[in-house]
$ cat entry25.cif   # mmCIF, C-alpha atoms and all ligand atoms
data_start
loop_
_atom_site.label_atom_id
_atom_site.label_comp_id
_atom_site.auth_asym_id
_atom_site.auth_seq_id
_atom_site.Cartn_x
_atom_site.Cartn_y
_atom_site.Cartn_z
CA MET A 1 207.77 -17.62 97.97
CA LYS A 2 206.32 -19.80 100.66
CA THR A 3 203.00 -17.96 100.55
CA SER A 4 202.92 -18.18 96.79
CA ALA A 5 203.47 -21.93 96.83
CA ARG A 6 200.69 -22.39 99.37
CA LEU A 7 198.40 -20.27 97.25
CA LYS A 8 199.19 -22.38 94.18
CA ALA A 9 198.39 -25.56 96.10
CA SER A 10 195.09 -24.11 97.31
CA LEU A 11 194.18 -23.12 93.78
CA ALA A 12 194.97 -26.61 92.51
CA ILE A 13 192.66 -28.14 95.12
CA LEU A 14 189.92 -25.65 94.30
CA THR A 15 190.23 -26.36 90.59
CA ALA A 16 190.13 -30.11 91.19
CA LEU A 17 186.98 -29.69 93.26
CA ALA A 18 185.27 -27.35 90.85
CA LEU A 19 186.02 -29.09 87.55
CA PRO A 20 183.93 -32.26 87.97
CA ALA A 21 180.97 -30.14 89.02
CA LEU A 22 181.32 -27.97 85.95
CA SER A 23 181.78 -30.79 83.44
CA GLY A 24 178.86 -32.68 84.94
CA ALA A 25 176.48 -29.74 84.55
CA PRO A 26 173.90 -30.17 81.80
CA ALA A 27 174.18 -27.73 78.91
CA ALA A 28 170.80 -26.21 79.68
CA ALA A 29 171.98 -25.09 83.10
CA ALA A 30 174.83 -23.07 81.61
CA ALA A 31 175.00 -19.48 82.87
CA PRO A 32 172.47 -17.30 81.04
CA LYS A 33 173.83 -14.97 78.41
CA LYS A 34 174.91 -11.70 79.95
CA PRO A 35 172.42 -9.03 78.88
CA VAL A 36 173.90 -6.30 76.70
CA LYS A 37 174.51 -3.24 78.87
CA PRO A 38 172.18 -0.51 77.61
CA ARG A 39 174.18 2.40 76.35
CA THR A 40 171.68 4.41 74.35
CA ILE A 41 168.47 5.21 76.19
CA VAL A 42 165.58 6.65 74.23
CA ALA A 43 162.82 8.47 76.14
CA LEU A 44 159.60 8.76 74.16
CA THR A 45 157.94 11.90 75.48
CA PHE A 46 154.50 13.19 74.52
CA ASP A 47 153.57 16.78 75.39
CA ASP A 48 150.31 18.58 76.09
CA GLY A 49 148.01 15.74 77.24
CA ASP A 50 146.36 15.24 73.90
CA ALA A 51 143.56 12.63 73.64
CA THR A 52 145.45 10.94 70.78
CA HIS A 53 148.02 9.84 73.35
CA VAL A 54 145.77 7.00 74.52
CA ALA A 55 146.28 5.22 71.20
CA ALA A 56 149.96 6.22 71.12
CA ALA A 57 150.47 4.67 74.55
CA ARG A 58 148.90 1.41 73.35
CA MET A 59 151.27 1.36 70.40
CA LEU A 60 154.21 1.75 72.78
CA GLN A 61 152.89 -1.06 74.99
CA ARG A 62 152.61 -3.42 72.01
CA HIS A 63 156.36 -2.91 71.59
CA GLY A 64 157.04 -3.41 75.29
CA MET A 65 157.79 0.30 75.74
CA ARG A 66 156.66 2.93 78.20
CA GLY A 67 156.49 6.65 77.52
CA THR A 68 156.43 9.93 79.40
CA PHE A 69 153.31 12.04 79.10
CA TYR A 70 153.69 15.71 80.00
CA VAL A 71 150.30 17.20 80.83
CA ASN A 72 148.93 20.61 81.79
CA SER A 73 146.79 19.86 84.83
CA ARG A 74 144.32 22.73 84.17
CA THR A 75 143.42 21.34 80.74
CA ILE A 76 142.79 17.75 81.82
CA GLY A 77 139.33 16.71 80.62
CA ASP A 78 139.01 19.61 78.16
CA ASP A 79 137.89 18.97 74.58
CA GLY A 80 140.49 16.84 72.80
CA LYS A 81 142.56 16.38 75.97
CA LEU A 82 143.16 13.36 78.16
CA THR A 83 140.75 12.85 81.03
CA GLU A 84 141.77 12.15 84.60
CA ARG A 85 140.65 8.52 84.16
CA GLN A 86 142.75 8.11 81.04
CA LEU A 87 145.78 9.50 82.85
CA THR A 88 145.23 7.02 85.68
CA ALA A 89 145.03 4.20 83.14
CA LEU A 90 148.26 5.37 81.50
CA ALA A 91 150.05 5.44 84.86
CA ARG A 92 148.70 1.97 85.75
CA ALA A 93 150.09 0.66 82.46
CA GLY A 94 153.53 1.86 83.56
CA HIS A 95 153.78 5.15 81.69
CA GLU A 96 155.12 8.25 83.41
CA ILE A 97 152.94 11.31 84.00
CA GLY A 98 155.02 14.47 84.15
CA GLY A 99 154.29 18.16 84.68
CA HIS A 100 154.02 20.76 81.91
CA THR A 101 152.70 23.77 83.94
CA LEU A 102 149.07 24.56 84.78
CA ASN A 103 148.17 26.35 81.53
CA HIS A 104 150.99 25.78 79.05
CA VAL A 105 152.62 29.14 79.55
CA ARG A 106 155.99 30.54 78.44
CA LEU A 107 157.86 30.44 81.73
CA ASP A 108 160.56 32.83 80.55
CA GLU A 109 157.95 35.60 80.35
CA LEU A 110 156.75 35.15 83.95
CA LEU A 111 157.94 36.55 87.27
CA PRO A 112 159.36 33.97 89.69
CA ASP A 113 156.13 34.07 91.78
CA GLU A 114 154.03 33.25 88.73
CA GLN A 115 156.47 30.55 87.68
CA ARG A 116 156.13 29.01 91.12
CA THR A 117 152.33 28.87 90.77
CA GLN A 118 152.53 27.40 87.27
CA ILE A 119 155.10 24.74 88.14
CA CYS A 120 154.41 23.87 91.80
CA GLU A 121 150.60 23.96 91.64
CA ASP A 122 150.61 21.87 88.47
CA ARG A 123 152.78 19.26 90.17
CA ARG A 124 150.58 19.42 93.28
CA ALA A 125 147.42 18.81 91.21
CA LEU A 126 148.96 15.81 89.44
CA MET A 127 150.24 14.35 92.69
CA ARG A 128 146.78 14.73 94.25
CA MET A 129 145.52 12.53 91.41
CA GLY A 130 147.96 9.91 92.70
CA HIS A 131 150.78 10.31 90.18
CA ARG A 132 154.51 10.06 90.95
CA VAL A 133 155.52 13.34 89.35
CA THR A 134 159.30 13.68 89.16
CA THR A 135 160.07 15.25 85.78
CA LEU A 136 158.88 18.41 84.07
CA ALA A 137 158.86 19.65 80.48
CA TYR A 138 159.05 23.41 79.87
CA PRO A 139 156.23 24.50 77.50
CA PHE A 140 157.71 25.64 74.16
CA GLY A 141 161.08 24.67 75.66
CA ALA A 142 161.09 28.24 76.99
CA VAL A 143 163.24 28.49 80.10
CA ASN A 144 165.41 30.92 82.02
CA ALA A 145 167.52 30.66 85.17
CA ASP A 146 164.53 31.53 87.41
CA ALA A 147 162.40 28.79 85.87
CA GLU A 148 165.19 26.25 86.42
CA ARG A 149 165.46 27.27 90.07
CA THR A 150 161.68 27.05 90.41
CA ALA A 151 161.59 23.55 88.90
CA ARG A 152 164.06 22.44 91.56
CA LEU A 153 162.16 24.27 94.31
CA CYS A 154 158.90 22.55 93.29
CA GLY A 155 160.53 19.16 93.96
CA TYR A 156 161.27 17.96 90.45
CA ASN A 157 164.32 15.80 89.73
CA ALA A 158 164.82 16.98 86.17
CA ALA A 159 163.25 19.15 83.47
CA ARG A 160 163.29 18.64 79.71
CA THR A 161 163.80 21.34 77.11
CA THR A 162 163.21 20.97 73.35
CA ALA A 163 166.67 21.78 72.02
CA GLY A 164 170.40 21.28 72.42
CA LEU A 165 170.92 17.88 70.77
CA ARG A 166 172.10 17.29 67.24
CA GLN A 167 169.42 17.35 64.60
CA TRP A 168 168.88 18.61 61.08
CA GLY A 169 169.01 22.18 62.47
CA CYS A 170 172.08 21.81 64.71
CA ARG A 171 174.80 19.64 63.27
CA THR A 172 177.38 20.68 65.85
CA CYS A 173 175.23 19.80 68.89
CA PRO A 174 176.01 16.56 70.79
CA ALA A 175 174.12 13.44 69.67
CA ALA A 176 172.85 12.54 73.14
CA GLU A 177 172.35 13.95 76.62
CA THR A 178 174.73 12.56 79.22
CA LEU A 179 173.52 10.32 82.05
CA PRO A 180 173.13 11.71 84.58
CA PRO A 181 172.22 14.81 82.56
CA ALA A 182 174.90 17.54 82.47
CA ASP A 183 172.25 19.97 83.75
CA PRO A 184 169.16 18.16 85.11
CA TRP A 185 167.21 21.45 84.91
CA ALA A 186 167.82 21.75 81.20
CA VAL A 187 167.78 18.20 79.82
CA ARG A 188 168.56 18.51 76.14
CA ALA A 189 166.53 17.06 73.27
CA PRO A 190 166.36 17.37 69.51
CA GLY A 191 163.61 19.77 68.37
CA SER A 192 159.97 18.62 68.47
CA VAL A 193 158.88 16.02 65.94
CA ARG A 194 156.84 17.77 63.23
CA GLU A 195 154.46 16.64 60.51
CA ASP A 196 157.31 16.95 58.01
CA THR A 197 159.78 14.92 60.12
CA PRO A 198 160.45 11.68 58.24
CA VAL A 199 160.93 8.42 60.15
CA ARG A 200 164.52 8.28 58.90
CA HIS A 201 165.27 11.45 60.88
CA LEU A 202 164.03 9.77 64.06
CA LYS A 203 166.12 6.71 63.32
CA GLN A 204 169.14 8.91 62.62
CA GLN A 205 168.86 10.52 66.07
CA VAL A 206 169.18 7.08 67.64
CA LEU A 207 171.94 5.92 65.30
CA ASN A 208 173.91 9.12 65.98
CA ALA A 209 173.65 8.52 69.73
CA GLU A 210 174.73 4.87 69.36
CA LYS A 211 177.69 5.93 67.24
CA ALA A 212 178.68 8.59 69.78
CA GLY A 213 178.84 5.97 72.55
CA GLY A 214 175.31 6.28 73.91
CA GLY A 215 173.51 8.51 76.38
CA LEU A 216 169.96 9.76 76.64
CA VAL A 217 167.88 10.74 73.62
CA PRO A 218 164.56 12.29 74.65
CA LEU A 219 162.28 12.49 71.61
CA VAL A 220 159.53 15.10 71.78
CA PHE A 221 156.16 14.23 70.24
CA HIS A 222 152.90 16.19 70.34
CA LEU A 223 149.78 15.06 68.45
CA VAL A 224 149.68 11.55 66.99
CA CYS A 225 147.14 11.67 64.17
CA ASP A 226 146.81 12.14 60.41
CA ASP A 227 147.00 15.65 59.01
CA CYS A 228 146.45 17.33 62.34
CA GLY A 229 148.91 20.17 62.52
CA LEU A 230 152.54 21.22 62.37
CA TYR A 231 153.49 19.49 65.64
CA SER A 232 152.10 16.07 64.82
CA THR A 233 153.17 12.72 63.51
CA THR A 234 150.99 10.01 62.01
CA PRO A 235 150.24 6.70 63.78
CA GLU A 236 151.82 4.93 60.78
CA ARG A 237 155.12 6.76 61.20
CA LEU A 238 155.17 6.23 64.94
CA GLU A 239 154.46 2.52 64.44
CA GLU A 240 157.24 2.19 61.87
CA PHE A 241 159.70 3.95 64.17
CA LEU A 242 158.72 1.89 67.23
CA GLY A 243 159.16 -1.39 65.32
CA TRP A 244 162.62 -0.32 64.21
CA LEU A 245 163.51 0.99 67.68
CA GLN A 246 162.44 -2.24 69.37
CA ALA A 247 164.87 -4.17 67.16
CA ARG A 248 167.73 -1.89 68.31
CA GLY A 249 167.50 -3.72 71.65
CA SER A 250 169.97 -6.20 70.20
CA ARG A 251 172.47 -3.30 70.02
CA GLY A 252 171.86 -2.37 73.65
CA THR A 253 169.51 0.51 72.87
CA VAL A 254 166.50 0.61 75.16
CA VAL A 255 163.45 2.76 75.83
CA LYS A 256 162.88 4.19 79.30
CA THR A 257 160.68 6.85 80.80
CA MET A 258 162.40 10.12 81.70
CA ALA A 259 161.93 9.30 85.39
CA GLU A 260 163.65 5.92 84.93
CA ALA A 261 166.44 7.49 82.88
CA VAL A 262 167.30 10.28 85.32
CA GLY A 263 166.44 8.35 88.52
CA GLY A 264 165.71 9.82 91.94
CA LYS A 265 162.93 9.59 94.50
CA VAL A 266 159.64 11.45 94.56
CA ARG A 267 160.58 14.63 96.42
CA PRO A 268 158.06 16.58 98.50
CA LEU A 269 156.42 19.79 97.34
CA PRO A 270 157.37 22.98 99.18
CA ALA A 271 154.95 23.97 101.94
CA GLY A 272 152.06 26.24 100.92
ZN ZN B 1 153.68 21.75 75.29
#

$ encode --input "entry25.cif" --output "structure tokens"
Amino acid sequence: MKTSARLKASLAILTALALPALSGAPAAAAAPKKPVKPRTIVALTFDDGDATHVAAARMLQRHGMRGTFYVNSRTIGDDGKLTERQLTALARAGHEIGGHTLNHVRLDELLPDEQRTQICEDRRALMRMGHRVTTLAYPFGAVNADAERTARLCGYNAARTTAGLRQWGCRTCPAAETLPPADPWAVRAPGSVREDTPVRHLKQQVLNAEKAGGGLVPLVFHLVCDDCGLYSTTPERLEEFLGWLQARGSRGTVVKTMAEAVGGKVRPLPAG
């Protein structure tokens, strides 16, 4: 009882001291609004190092967003592909450069030794160009247990697939990947965005994740151009989606790179 009374007295003094200071504070100096805690994180990922990604990256930047660009190091500078200079510019603008194997191979058809060459040497080449390479995307989403082990061995922090989340094809799949991912070597995503994927499907992915309480939604894009193949979307559709997505910030939904979403340091490559 004695302690409690003393505590009460102390509190009364503290309150008396604090109150005049508070009431005298100008309205403008009031504590800033607490930012909404982001619950749904969307990662905009672009596979295959296509030259159309330069314009796509600019669109993202105009909306204050940064994307993840998964490139095949052996095809850098080829016809229709990003050049080394363009990749450097993307990285300088804050985008993430991730690995996608040397030659865009199906890893599940390779022996572990060949997987190691495709994954480790690709990462090594990108790191030699000065990139912080911490996440990988499996070409065609094709992966087996050996490829997952190899991704870890090559020093990656996480690797993205192209399936496992709810979409038009899988209504029973979860709406979002957990954070941290349930299995960092098989980060789930809805299937690749195709030329027949309407913007409302992209929006629905995000809305489903929000409704399910949040998590990570990696969206998988390839070409960004008009009438340019099955795995493409048009600049108009991407722009419409980005504008809508930006406005979801008021609901706590934000865009991050895969590296930002999964976290972790840049780990060293294995020797040799
Ligand atoms: Zn690919």

$ closest_residue --input "entry25.cif" --among "A:Ala209, A:Ala259, A:Ala57, A:Leu82" --to "Arg160 (chain A)" --atoms "all atoms listed in the file"
A:Ala259

$ closest_residue --input "entry25.cif" --among "A:Ala151, A:Met129, A:Val71, A:Leu216" --to "ligand ZN 1 (chain B)" --atoms "only C-alpha atoms and all ligand atoms"
A:Val71

$ closest_atom_pairs --input "entry25.cif" --of "chain A" --to "ligand ZN 1 (chain B)" --cutoff "6 Å" --atoms "all atoms listed in the file" --output "Markdown table"
| residue | atom | partner | partner_atom | distance |
| --- | --- | --- | --- | --- |
| A:Asp47 | CA | B:ZN1 | ZN | 5.0 |
| A:Asp48 | CA | B:ZN1 | ZN | 4.7 |
| A:Pro139 | CA | B:ZN1 | ZN | 4.4 |
| A:Phe140 | CA | B:ZN1 | ZN | 5.7 |

$ residues_around --input "entry25.cif" --residues "region 172-185 of chain A" --least-positions-apart "4" --cutoff "8 Å" --atoms "all atoms listed in the file" --output "PyMOL selection string"
chain A and resi 148-149+151-152+157-160+164-167+189+205+208-209+212+214-217+261-262

$ atom_distance --input "entry25.cif" --atom1 "CA of Leu219 (chain A)" --atom2 "CA of Val42 (chain A)"
7.2 Å

$ atom_distance --input "entry25.cif" --atom1 "CA of Cys154 (chain A)" --atom2 "CA of Gln118 (chain A)"
10.0 Å

$ axis_aligned_box --input "entry25.cif" --around "region 151-169 of chain A" --padding-each-side "3 Å" --output "JSON"
{"center_x": 165.5, "center_y": 20.0, "center_z": 77.7, "size_x": 19.2, "size_y": 14.5, "size_z": 39.2}

$ build_atoms --input "entry25.cif" --residues "region 101-120 of chain A" --atoms "N, CA, C and O atoms" --output "mmCIF file, in the frame of the given file"
data_model
loop_
_atom_site.group_PDB
_atom_site.id
_atom_site.type_symbol
_atom_site.label_atom_id
_atom_site.label_comp_id
_atom_site.auth_asym_id
_atom_site.auth_seq_id
_atom_site.Cartn_x
_atom_site.Cartn_y
_atom_site.Cartn_z
ATOM 1 N N THR A 101 153.309 22.531 83.417
ATOM 2 C CA THR A 101 152.700 23.770 83.940
ATOM 3 C C THR A 101 151.168 23.692 83.910
ATOM 4 O O THR A 101 150.599 22.886 83.177
ATOM 5 N N LEU A 102 150.539 24.569 84.685
ATOM 6 C CA LEU A 102 149.070 24.560 84.780
ATOM 7 C C LEU A 102 148.418 24.805 83.425
ATOM 8 O O LEU A 102 147.532 24.065 83.003
ATOM 9 N N ASN A 103 148.871 25.876 82.738
ATOM 10 C CA ASN A 103 148.170 26.350 81.530
ATOM 11 C C ASN A 103 149.015 26.415 80.274
ATOM 12 O O ASN A 103 148.674 27.149 79.354
ATOM 13 N N HIS A 104 150.136 25.721 80.233
ATOM 14 C CA HIS A 104 150.990 25.780 79.050
ATOM 15 C C HIS A 104 151.441 27.203 78.742
ATOM 16 O O HIS A 104 151.180 27.764 77.664
ATOM 17 N N VAL A 105 152.150 27.765 79.696
ATOM 18 C CA VAL A 105 152.620 29.140 79.550
ATOM 19 C C VAL A 105 154.106 29.182 79.211
ATOM 20 O O VAL A 105 154.841 28.227 79.469
ATOM 21 N N ARG A 106 154.548 30.314 78.646
ATOM 22 C CA ARG A 106 155.990 30.540 78.440
ATOM 23 C C ARG A 106 156.575 31.003 79.761
ATOM 24 O O ARG A 106 156.373 32.142 80.186
ATOM 25 N N LEU A 107 157.336 30.131 80.394
ATOM 26 C CA LEU A 107 157.860 30.440 81.730
ATOM 27 C C LEU A 107 158.856 31.586 81.716
ATOM 28 O O LEU A 107 158.975 32.327 82.687
ATOM 29 N N ASP A 108 159.548 31.771 80.604
ATOM 30 C CA ASP A 108 160.560 32.830 80.550
ATOM 31 C C ASP A 108 159.936 34.227 80.496
ATOM 32 O O ASP A 108 160.650 35.222 80.572
ATOM 33 N N GLU A 109 158.619 34.295 80.362
ATOM 34 C CA GLU A 109 157.950 35.600 80.350
ATOM 35 C C GLU A 109 157.257 35.883 81.680
ATOM 36 O O GLU A 109 156.546 36.877 81.821
ATOM 37 N N LEU A 110 157.432 34.992 82.660
ATOM 38 C CA LEU A 110 156.750 35.150 83.950
ATOM 39 C C LEU A 110 157.717 35.574 85.043
ATOM 40 O O LEU A 110 158.919 35.302 84.978
ATOM 41 N N LEU A 111 157.166 36.224 86.070
ATOM 42 C CA LEU A 111 157.940 36.550 87.270
ATOM 43 C C LEU A 111 158.088 35.268 88.077
ATOM 44 O O LEU A 111 157.260 34.354 87.957
ATOM 45 N N PRO A 112 159.138 35.191 88.915
ATOM 46 C CA PRO A 112 159.360 33.970 89.690
ATOM 47 C C PRO A 112 158.128 33.491 90.474
ATOM 48 O O PRO A 112 157.865 32.291 90.555
ATOM 49 N N ASP A 113 157.353 34.438 91.043
ATOM 50 C CA ASP A 113 156.130 34.070 91.780
ATOM 51 C C ASP A 113 155.132 33.349 90.890
ATOM 52 O O ASP A 113 154.512 32.363 91.293
ATOM 53 N N GLU A 114 154.977 33.862 89.686
ATOM 54 C CA GLU A 114 154.030 33.250 88.730
ATOM 55 C C GLU A 114 154.565 31.905 88.251
ATOM 56 O O GLU A 114 153.804 30.959 88.057
ATOM 57 N N GLN A 115 155.867 31.827 88.081
ATOM 58 C CA GLN A 115 156.470 30.550 87.680
ATOM 59 C C GLN A 115 156.205 29.501 88.744
ATOM 60 O O GLN A 115 155.875 28.355 88.439
ATOM 61 N N ARG A 116 156.324 29.942 90.006
ATOM 62 C CA ARG A 116 156.130 29.010 91.120
ATOM 63 C C ARG A 116 154.701 28.467 91.111
ATOM 64 O O ARG A 116 154.485 27.275 91.319
ATOM 65 N N THR A 117 153.729 29.325 90.843
ATOM 66 C CA THR A 117 152.330 28.870 90.770
ATOM 67 C C THR A 117 152.174 27.880 89.614
ATOM 68 O O THR A 117 151.615 26.795 89.789
ATOM 69 N N GLN A 118 152.698 28.255 88.461
ATOM 70 C CA GLN A 118 152.530 27.400 87.270
ATOM 71 C C GLN A 118 153.196 26.027 87.424
ATOM 72 O O GLN A 118 152.663 25.021 86.976
ATOM 73 N N ILE A 119 154.359 26.001 88.049
ATOM 74 C CA ILE A 119 155.100 24.740 88.140
ATOM 75 C C ILE A 119 154.701 23.942 89.390
ATOM 76 O O ILE A 119 154.371 22.753 89.303
ATOM 77 N N CYS A 120 154.708 24.596 90.553
ATOM 78 C CA CYS A 120 154.410 23.870 91.800
ATOM 79 C C CYS A 120 152.952 23.423 91.863
ATOM 80 O O CYS A 120 152.662 22.279 92.249
#
